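For reference, the structure discussed in these notes is given below.
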Amino acid sequence: MFQTQATPEPWQSPPYRFAATAAAPLGVGVLFTPAMRGFVRQHREAFDFVGIVPEAFWPDTDPMGIERTTAIHAALRVLDDVAADKPLVAHGTSLMIGGQGALDRGHLARIAQWQARYGFRWYSEHLVRSTEVADGTRRAAAPLPYDRHALKRVVERVREVQALLPIPFLLENNVYAAGVPQQEMSEPMFLNRLCAATGCGLVLDVQNLCANAIDCGIDALTFLDRVDLARVVEIHVTAGARAVPAGDFFAATLCPPSELEVLEAVLWRAPKLRAVTIEIDDRVTDGNGDDDVLRAVEAARRVWKLYH
C-alpha cells in the first residue's frame with residue numbers, strides 16, 4: 001500500500017539562507033522623525049547611524065496642514081544631508097505583514113523607491129495584522145494568533161517582500177495590551193519557525209519585552225532563552241515613559257534600567273547583531289530637550305561597548 005506523504009509545515013521546507021546584513025556592526029543610532037530634525041542636525045557626532053520610519057515622511061490620505069508639511073520638508077533636507085555620511089535603516093509601521101488580504105505592493109513600491117534613494121541596510125516591520133475597531137471605519141494593528149495557519153500566511157508574505165526588496169527583511173516582536181490568550185505556539189516558537197522558513201531576521205524591541213513582563217507576567221529572560229538570538233540584527237530601546245496599569249508604580253526615565261539590563265543580556269548572545277536603535281517619542285523630545293536624548297544614547301552606548 002502506498003503511503004501519502006504529508007505536506008511539510010512551512011518551517012520544515014528547505015531553509016532559506018539567512019540574508020547577509022552590514023559587513024560590520026553599525027553601533028548606536030536614533031530613530032529619526034520630523035520632530036527630531038533639530039537634534040539630528042545639531043548632534044551628528046552623537047550617533048553612528050539613523051533609523052527612519054518612511055511613513056512619517058509620506059503625505060496622509062487626509063490633507064496635511066501647512067505646519068506638518070513644512071516640518072516634513074525640513075526633515076527631509078536634514079535626512080538628505082545626514083545620509084551622505086551616515087548609514088540608514090528603515091523601520092516600517094503600516095505593511096500589516098500578518099493581514100488576511102493581498103500584500104500592499106504599492107506600499108512596498110514606495111519603500112523600494114526610498115531604498116534606491118537612501119540605500120537602507122535593511123527594512124523592518126511589525127509582526128501584526130489589521131483589525132477593525134468599534135466604529136468599523138478604521139483599522140488598527142493587533143498581534144497575530146500564533147498558530148499554523150497564521151505562520152503559513154506570514155511565511156508566504158515574508159517571501160513576497162523578500163522577492164520585491166533587495167535588502168534584508170526583519171520583523172519585530174510584539175507587545176500585548178492585556179494577558180496573552182492560550183495559543184498553539186509561544187511567540188518565541190513562532191518567531192523561530194518563521195525565521196527558519198524564510199531566512200528573515202529579527203528586531204528585538206526591548207520595551208515591548210519589558211512591557212509584556214510588567215503587564216502580562218511574561219518572563220523577559222525566559223523569552224530570551226527560547227527565541228533564536230542568532231536571528232537578531234537590531235535592538236530597539238525606548239527613551240521615554242510608557243503608560244502603565246492604574247495603581248502600578250513605574251519609574252518613568254529615559255532608558256530605564258530594566259531595558260538596559262535586557263539589552264546587555266542580549267548583546268553577548270546575538271552574533272549577528274548590527275545595531276541598537278534608540279526610539280524617542282516626539283513628546284520626549286519636546287518635553288526633555290536634547291540633553292536627555294543624548295544621555296539616553298550614551299547609556300545604550302556604554303552597554304554596547306561592553307561587547308563591541
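Please note that chains go A, B, ... in the order of the C-alpha cells, that every chain numbers its residues from 1, and that ligands are numbered from 1 in the order shown.
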Long-range neighbours of A:Pro34 as a list in words, 10 Å cut-off, only C-alpha atoms, 2 positions minimum in chain: Phe32, Met36, Arg37, Gly38, Val40, Ile52, Val53, Ala56, Phe57, Arg68, Thr69, Thr70, Ala71, Ile72, His73, Ala74, Ala75, Leu76, Val78, Leu79 and Asp282 of chain A
May I have the residues from that selection written out with C-alpha atoms, as a compact mmCIF listing (two decimals), in the first residue's frame?
# COMPACT_ATOMS: atom_id res chain seq x y z
CA PHE A 32 14.58 59.90 13.11
CA MET A 36 13.89 65.05 15.70
CA ARG A 37 15.35 67.17 12.90
CA GLY A 38 16.89 69.72 15.26
CA VAL A 40 19.91 65.15 14.38
CA ILE A 52 13.75 56.19 9.88
CA VAL A 53 10.04 55.40 9.63
CA ALA A 56 6.35 59.52 8.86
CA PHE A 57 7.52 61.44 5.79
CA ARG A 68 3.29 69.50 9.20
CA THR A 69 4.15 69.89 5.52
CA THR A 70 6.85 72.41 6.41
CA ALA A 71 8.24 70.13 9.12
CA ILE A 72 8.44 67.17 6.75
CA HIS A 73 10.23 69.13 4.05
CA ALA A 74 12.69 70.50 6.60
CA ALA A 75 13.29 67.00 7.99
CA LEU A 76 13.91 65.59 4.52
CA VAL A 78 18.28 67.11 7.15
CA LEU A 79 17.91 63.45 6.19
CA ASP A 282 8.19 63.12 19.90
8 Å contact set for A:Val227, only C-alpha atoms, chain neighbours under 2 positions out, as JSON, numbers by chain: {"A": [188, 189, 191, 192, 223, 224, 225, 229]}
For stretch 49-131 of chain A against stretch 264-276 of chain A, with a cut-off of 12 Å and counting only C-alpha atoms, what is the closest atom pair and its distance in Å to one decimal for every residue that makes the cut, ordered by chain and number, as CSV?
residue,atom,partner,partner_atom,distance
A:Phe49,CA,A:Ala275,CA,8.6
A:Val50,CA,A:Ala275,CA,10.1
A:Gly51,CA,A:Val276,CA,9.9
A:Pro87,CA,A:Ala275,CA,10.8
A:Leu88,CA,A:Ala275,CA,10.8
A:Val89,CA,A:Ala275,CA,9.6
A:Arg121,CA,A:Arg274,CA,10.1
A:Trp122,CA,A:Arg274,CA,10.6
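Residue nearest A:Ile97, chosen from A:Glu160, A:Glu55, A:Glu298, A:Asp48 and counting only C-alpha atoms: A:Glu160.
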Surrounding residues of A:His91 excluding itself and chain neighbours under 3 positions, 10 Å, only C-alpha atoms, as a PyMOL selection string: chain A and resi 31+51-55+94+120+122-126+169-172+203
